[in-house]
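Only one structure is covered here, and it is reproduced in the block below.
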Amino acid sequence: MAEGNRGEEARLEEVRKQLVRDRLLRVLLTSEARQRLVNVKMVKPELAKMVEDYIIQLASSGKIKGVITDEGLKQILMAIQQPKKDLRIRWI
């Protein structure tokens, strides 16, 4: 029975952490930027998580002044995404 309680407590802690993240992002992003992040999360959840972590890190270090607009989020997305390598095939 104690194992069940630990699992439940861990799940509740994860829910609390996610709620805090959601609240922070709601304050830090405009509604358009939040919607864009939701769209990104549906297609590339790992990229969305990296962006969320980056925004929260910027906010906790005091580097964000005001809210992040949709244009600002686009710039963050472009900066975080790895540039695709150009694959060239050479015939010898």
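Chain labels A, B, ... are given in the sequence in which chains occur in the structure tokens; within each chain residues are numbered consecutively from 1, and ligands are likewise numbered from 1 in the order shown.
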Next item on the list: Mind checking which residues fall within 10 Å of range 36-39 of chain A, counting only C-alpha atoms, ignoring those fewer than 5 positions away in the same chain, and posting them as a list in words?
Entry: Leu25, Leu29, Thr30, Ser31, Lys44, Pro45, Leu47, Ala48, Lys49, Val51, Glu52, Asp70, Leu73, Lys74 and Leu77 of chain A
If you keep N, CA and C atoms, can you produce a file of those selected residues as a PDB file, in the first residue's frame?
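Contents of part-v2.pdb, freshly written:
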ATOM      1  N   LEU A  25       3.897  30.419 -18.129  1.00  0.00           N
ATOM      2  CA  LEU A  25       3.816  30.663 -19.565  1.00  0.00           C
ATOM      3  C   LEU A  25       2.611  31.526 -19.915  1.00  0.00           C
ATOM      4  N   LEU A  29       3.622  34.871 -22.013  1.00  0.00           N
ATOM      5  CA  LEU A  29       3.341  34.859 -23.445  1.00  0.00           C
ATOM      6  C   LEU A  29       2.004  35.521 -23.762  1.00  0.00           C
ATOM      7  N   THR A  30       1.927  36.170 -24.915  1.00  0.00           N
ATOM      8  CA  THR A  30       0.634  36.685 -25.374  1.00  0.00           C
ATOM      9  C   THR A  30      -0.221  35.500 -25.806  1.00  0.00           C
ATOM     10  N   SER A  31      -1.511  35.734 -26.011  1.00  0.00           N
ATOM     11  CA  SER A  31      -2.401  34.634 -26.392  1.00  0.00           C
ATOM     12  C   SER A  31      -2.001  34.042 -27.746  1.00  0.00           C
ATOM     13  N   LYS A  44       5.779  18.868 -32.581  1.00  0.00           N
ATOM     14  CA  LYS A  44       7.108  18.552 -32.048  1.00  0.00           C
ATOM     15  C   LYS A  44       7.130  18.816 -30.544  1.00  0.00           C
ATOM     16  N   PRO A  45       6.648  17.860 -29.748  1.00  0.00           N
ATOM     17  CA  PRO A  45       6.590  18.091 -28.294  1.00  0.00           C
ATOM     18  C   PRO A  45       7.948  18.355 -27.651  1.00  0.00           C
ATOM     19  N   LEU A  47      10.526  19.911 -28.989  1.00  0.00           N
ATOM     20  CA  LEU A  47      10.899  21.292 -29.291  1.00  0.00           C
ATOM     21  C   LEU A  47      10.112  22.261 -28.408  1.00  0.00           C
ATOM     22  N   ALA A  48       8.826  22.003 -28.240  1.00  0.00           N
ATOM     23  CA  ALA A  48       7.998  22.860 -27.395  1.00  0.00           C
ATOM     24  C   ALA A  48       8.504  22.851 -25.959  1.00  0.00           C
ATOM     25  N   LYS A  49       8.917  21.685 -25.469  1.00  0.00           N
ATOM     26  CA  LYS A  49       9.440  21.595 -24.098  1.00  0.00           C
ATOM     27  C   LYS A  49      10.734  22.393 -23.968  1.00  0.00           C
ATOM     28  N   VAL A  51      11.576  25.017 -25.722  1.00  0.00           N
ATOM     29  CA  VAL A  51      11.209  26.433 -25.770  1.00  0.00           C
ATOM     30  C   VAL A  51      10.627  26.873 -24.431  1.00  0.00           C
ATOM     31  N   GLU A  52       9.747  26.056 -23.860  1.00  0.00           N
ATOM     32  CA  GLU A  52       9.165  26.385 -22.552  1.00  0.00           C
ATOM     33  C   GLU A  52      10.253  26.513 -21.505  1.00  0.00           C
ATOM     34  N   ASP A  70       4.058  36.919 -30.365  1.00  0.00           N
ATOM     35  CA  ASP A  70       4.157  35.851 -31.345  1.00  0.00           C
ATOM     36  C   ASP A  70       5.444  35.991 -32.162  1.00  0.00           C
ATOM     37  N   LEU A  73       8.309  34.808 -30.069  1.00  0.00           N
ATOM     38  CA  LEU A  73       8.327  33.348 -29.989  1.00  0.00           C
ATOM     39  C   LEU A  73       8.856  32.746 -31.286  1.00  0.00           C
ATOM     40  N   LYS A  74       8.507  33.338 -32.418  1.00  0.00           N
ATOM     41  CA  LYS A  74       9.041  32.865 -33.700  1.00  0.00           C
ATOM     42  C   LYS A  74      10.559  32.955 -33.708  1.00  0.00           C
ATOM     43  N   LEU A  77      11.963  30.207 -31.563  1.00  0.00           N
ATOM     44  CA  LEU A  77      11.858  28.923 -32.259  1.00  0.00           C
ATOM     45  C   LEU A  77      12.937  28.785 -33.329  1.00  0.00           C
TER      46      LEU A  77
END
Next item on the list: Please report, as a ChimeraX atom specification, each residue of chain A to which DSSP assigns helix (DSSP H, G or I) when run on this structure's backbone.
Entry: /A:2-28,31-43,45-60,70-80
Check: Out of A:Leu19, A:Gln82, A:Glu13, A:Thr69, which residue has the shortest atom-to-atom distance to Gln35 in chain A when counting only C-alpha atoms?
Finding: A:Thr69
Next item on the list: One decimal, Å: what's the distance from CA of Lys41 in chain A over to CA of Asp53 in chain A, could you say?
Entry: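 It comes out at 13.0 Å.
CA of Ile64 in chain A is found 17.7 Å from CA of Val20 in chain A.
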